[in-house]
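Peer 1: One structure, as structure tokens, below. Some questions next.
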Amino acid sequence: MFKNILKRKSSREIAKDRLKILLISDRVNCSPEMMEMIKNDIAKVISKYMKIDAQSMEIQITKTSGKGRNLKNPTLYANIPILDLHTLKN
């Protein structure tokens, strides 16, 4: 379990993740820069309450069926590895 936490991503994995972010952001008209800003903001807020692995954090925006006339609504998904659930003290 701890082995996975300390494992660094290979350059291949990093490139793959960046490409996925680029493709997803293109589909929902959200630039890669905007996706990175969203990711950083989410990490900053959650880090106030628990210790997370922001480097391994992944976010994506997909289009899902919405209510009503079969509209496709953008949906934000986040995969945020939690390292410690204890509340951090400021």
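Scheme for the structure tokens: letters A, B, ... for chains in order shown; per-chain residue numbers from 1; ligand numbers from 1 in order shown.
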Report as a list in words all protein, DNA and RNA residues lying within 10 Å of range 35-45 of chain A, evaluated on only C-alpha atoms, omitting residues in the same chain fewer than 3 positions from it.

Peer 2: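 The neighbour list is Ile21, Leu22, Ile24, Ser25, Cys30, Ser31, Pro32, Lys48, Tyr49, Met50, Lys51, Ile52, Asp53, Ala54, Gln55, Met57, Glu58, Ile59, Gln60, Ile61, Ala78 and Ile80 of chain A.
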
Peer 1: Could you pull out the strand (DSSP E or B) residues of range 29-89 of chain A, going by DSSP on the backbone, and write them as a PyMOL selection string?

Peer 2: chain A and resi 51-52+58-65+72-79+82-84

Peer 1: Can I get the selection written as an mmCIF file, in the first residue's frame, with N, CA and C atoms?

Peer 2:
```cif
data_model
loop_
_atom_site.group_PDB
_atom_site.id
_atom_site.type_symbol
_atom_site.label_atom_id
_atom_site.label_comp_id
_atom_site.auth_asym_id
_atom_site.auth_seq_id
_atom_site.Cartn_x
_atom_site.Cartn_y
_atom_site.Cartn_z
ATOM 1 N N LYS A 51 -4.870 15.924 4.546
ATOM 2 C CA LYS A 51 -3.631 15.821 3.785
ATOM 3 C C LYS A 51 -3.896 14.972 2.542
ATOM 4 N N ILE A 52 -3.602 15.554 1.355
ATOM 5 C CA ILE A 52 -3.834 14.846 0.100
ATOM 6 C C ILE A 52 -2.550 14.763 -0.705
ATOM 7 N N GLU A 58 -6.286 13.678 -9.941
ATOM 8 C CA GLU A 58 -6.759 13.743 -11.318
ATOM 9 C C GLU A 58 -8.150 14.361 -11.336
ATOM 10 N N ILE A 59 -8.382 15.241 -12.306
ATOM 11 C CA ILE A 59 -9.729 15.761 -12.508
ATOM 12 C C ILE A 59 -10.077 15.598 -13.976
ATOM 13 N N GLN A 60 -11.360 15.499 -14.228
ATOM 14 C CA GLN A 60 -11.807 15.456 -15.613
ATOM 15 C C GLN A 60 -13.211 16.002 -15.705
ATOM 16 N N ILE A 61 -13.505 16.527 -16.865
ATOM 17 C CA ILE A 61 -14.840 17.035 -17.136
ATOM 18 C C ILE A 61 -15.419 16.184 -18.250
ATOM 19 N N THR A 62 -16.595 15.647 -18.010
ATOM 20 C CA THR A 62 -17.275 14.851 -19.020
ATOM 21 C C THR A 62 -18.656 15.443 -19.241
ATOM 22 N N LYS A 63 -19.291 15.004 -20.287
ATOM 23 C CA LYS A 63 -20.666 15.440 -20.530
ATOM 24 C C LYS A 63 -21.591 14.281 -20.201
ATOM 25 N N THR A 64 -22.566 14.554 -19.335
ATOM 26 C CA THR A 64 -23.525 13.532 -18.942
ATOM 27 C C THR A 64 -24.933 14.010 -19.273
ATOM 28 N N SER A 65 -25.838 13.073 -19.373
ATOM 29 C CA SER A 65 -27.231 13.424 -19.659
ATOM 30 C C SER A 65 -27.811 14.217 -18.505
ATOM 31 N N LYS A 72 -26.919 17.431 -22.636
ATOM 32 C CA LYS A 72 -25.659 16.938 -22.090
ATOM 33 C C LYS A 72 -25.058 18.047 -21.236
ATOM 34 N N ASN A 73 -24.922 17.778 -19.938
ATOM 35 C CA ASN A 73 -24.357 18.747 -19.006
ATOM 36 C C ASN A 73 -22.924 18.370 -18.665
ATOM 37 N N PRO A 74 -22.017 19.349 -18.603
ATOM 38 C CA PRO A 74 -20.657 19.032 -18.147
ATOM 39 C C PRO A 74 -20.680 18.625 -16.677
ATOM 40 N N THR A 75 -19.887 17.610 -16.340
ATOM 41 C CA THR A 75 -19.777 17.116 -14.974
ATOM 42 C C THR A 75 -18.302 17.012 -14.616
ATOM 43 N N LEU A 76 -17.932 17.520 -13.454
ATOM 44 C CA LEU A 76 -16.550 17.472 -12.988
ATOM 45 C C LEU A 76 -16.374 16.275 -12.068
ATOM 46 N N TYR A 77 -15.393 15.435 -12.388
ATOM 47 C CA TYR A 77 -15.023 14.300 -11.548
ATOM 48 C C TYR A 77 -13.618 14.534 -11.027
ATOM 49 N N ALA A 78 -13.395 14.208 -9.762
ATOM 50 C CA ALA A 78 -12.068 14.357 -9.165
ATOM 51 C C ALA A 78 -11.684 13.066 -8.456
ATOM 52 N N ASN A 79 -10.457 12.629 -8.692
ATOM 53 C CA ASN A 79 -9.878 11.486 -7.996
ATOM 54 C C ASN A 79 -8.729 12.059 -7.168
ATOM 55 N N ILE A 82 -6.177 10.570 -0.652
ATOM 56 C CA ILE A 82 -6.124 11.118 0.698
ATOM 57 C C ILE A 82 -5.025 10.395 1.464
ATOM 58 N N LEU A 83 -4.084 11.163 1.996
ATOM 59 C CA LEU A 83 -2.974 10.589 2.750
ATOM 60 C C LEU A 83 -3.275 10.502 4.238
ATOM 61 N N ASP A 84 -4.060 11.452 4.747
ATOM 62 C CA ASP A 84 -4.391 11.479 6.171
ATOM 63 C C ASP A 84 -5.750 12.133 6.338
#
```
